[in-house]
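Participant: I have a structure here, written as structure tokens, and I will follow up with some questions on it.
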Amino acid sequence: MNTSPFLSVNHPCDEALQWTKKQLSQAGLRCIQTFDLHVARAGSRDCPCPNHGTNQCDCQMVVLLVYGRAAEPVTLILHGNDGQTRLSIADDPRQRADAKLIMVIQQALELKVPVSITWGG
């Protein structure tokens with residue numbers, strides 16, 4: 001599965017998530033959040049961060065299913081730590097994401113990019 005980031009945001013994941021949802025909604029897309037790392041880790045005391053080694057880290061991962069006109073959604077992953085958030089689209093060769101929907105998602109996020117956001121390669 002390919003999950004290369006296409007966008008890097010200079011904000012914590014929670015802020016980037018709110019911005020992302022707003023941009024996608026304004027583009028006429030519907031998002032359903034299916035995973036939140038903070039919620040998943042809440043039930044486990046002994047789940048130290050692999051990056052920081054502490055329970056007090058700012059690592060976060062959120063998975064959104066983004067629906068457009070296509071029958072199948074596109075999976076959008078936000079992964080943040082150290083005040084940065086990277087956005088990537090999950091694309092599996094066995095179940096290809098709709099190219100038009102991917103383009104609409106990327107354009108929606110590109111249209112009003114705040115100064116503190118940079119594009120990945």
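Labels used: A, B, ... for chains in the order of the structure tokens, numbers from 1 for residues in each chain, and numbers from 1 for ligands as shown.
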Could the residues of region 8-42 of chain A that have an atom at most 8 Å from region 55-70 of chain A be listed as JSON lines, each with its closest atom pair and the distance in Å to one decimal, counting only C-alpha atoms and ordered by chain and ascending residue number?
Facilitator:
{"residue": "A:Pro12", "atom": "CA", "partner": "A:Asp58", "partner_atom": "CA", "distance": 7.9}
{"residue": "A:Cys13", "atom": "CA", "partner": "A:Gln60", "partner_atom": "CA", "distance": 6.3}
{"residue": "A:Leu17", "atom": "CA", "partner": "A:Val62", "partner_atom": "CA", "distance": 8.0}
{"residue": "A:Gly28", "atom": "CA", "partner": "A:Gly68", "partner_atom": "CA", "distance": 7.3}
{"residue": "A:Leu29", "atom": "CA", "partner": "A:Gly68", "partner_atom": "CA", "distance": 5.1}
{"residue": "A:Arg30", "atom": "CA", "partner": "A:Tyr67", "partner_atom": "CA", "distance": 5.1}
{"residue": "A:Cys31", "atom": "CA", "partner": "A:Val66", "partner_atom": "CA", "distance": 4.6}
{"residue": "A:Ile32", "atom": "CA", "partner": "A:Leu65", "partner_atom": "CA", "distance": 5.2}
{"residue": "A:Gln33", "atom": "CA", "partner": "A:Leu64", "partner_atom": "CA", "distance": 4.4}
{"residue": "A:Thr34", "atom": "CA", "partner": "A:Val63", "partner_atom": "CA", "distance": 5.6}
{"residue": "A:Phe35", "atom": "CA", "partner": "A:Val63", "partner_atom": "CA", "distance": 5.0}
{"residue": "A:Asp36", "atom": "CA", "partner": "A:Val62", "partner_atom": "CA", "distance": 4.7}
{"residue": "A:Leu37", "atom": "CA", "partner": "A:Met61", "partner_atom": "CA", "distance": 5.2}
{"residue": "A:His38", "atom": "CA", "partner": "A:Gln60", "partner_atom": "CA", "distance": 6.4}
Participant: What are the DSSP strand (DSSP E or B) residues of region 7-118 of chain A, as a ChimeraX atom specification?
Facilitator: /A:7-9,30-36,60-67,74-81,84-92,95,117-118
Participant: Nearest residue to His79 (chain A) out of A:Ser4, A:Gln107, A:Gln95, A:Gln23, using only C-alpha atoms?
Facilitator: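 Nearest candidate to His79 (chain A) out of A:Ser4, A:Gln107, A:Gln95, A:Gln23: A:Ser4.
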Participant: Could you pull out all residues of region 15-107 of chain A with a DSSP call of helix (DSSP H, G or I) and give them as a list in words?
Facilitator: Glu15, Ala16, Leu17, Gln18, Trp19, Thr20, Lys21, Lys22, Gln23, Leu24, Ser25, Gln26, Leu37, His38, Val39, Ala40, Arg41, Ala42, Ala99, Lys100, Leu101, Ile102, Met103, Val104, Ile105, Gln106 and Gln107 of chain A
Participant: Please list as an NGL selection string every residue within 6 Å of region 86-93 of chain A, counting only C-alpha atoms and excluding residues in the same chain fewer than 3 positions away.
Facilitator: :A and (1-8 or 75-79 or 96-97)
Participant: Please compute the CA of Val39 (chain A)-CA of Ala16 (chain A) distance, one decimal, in Å.
Facilitator: 17.2 Å
Participant: So what do you get for CA of Val104 (chain A) versus CA of Trp19 (chain A), distance-wise?
Facilitator: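 A separation of 15.9 Å between them.
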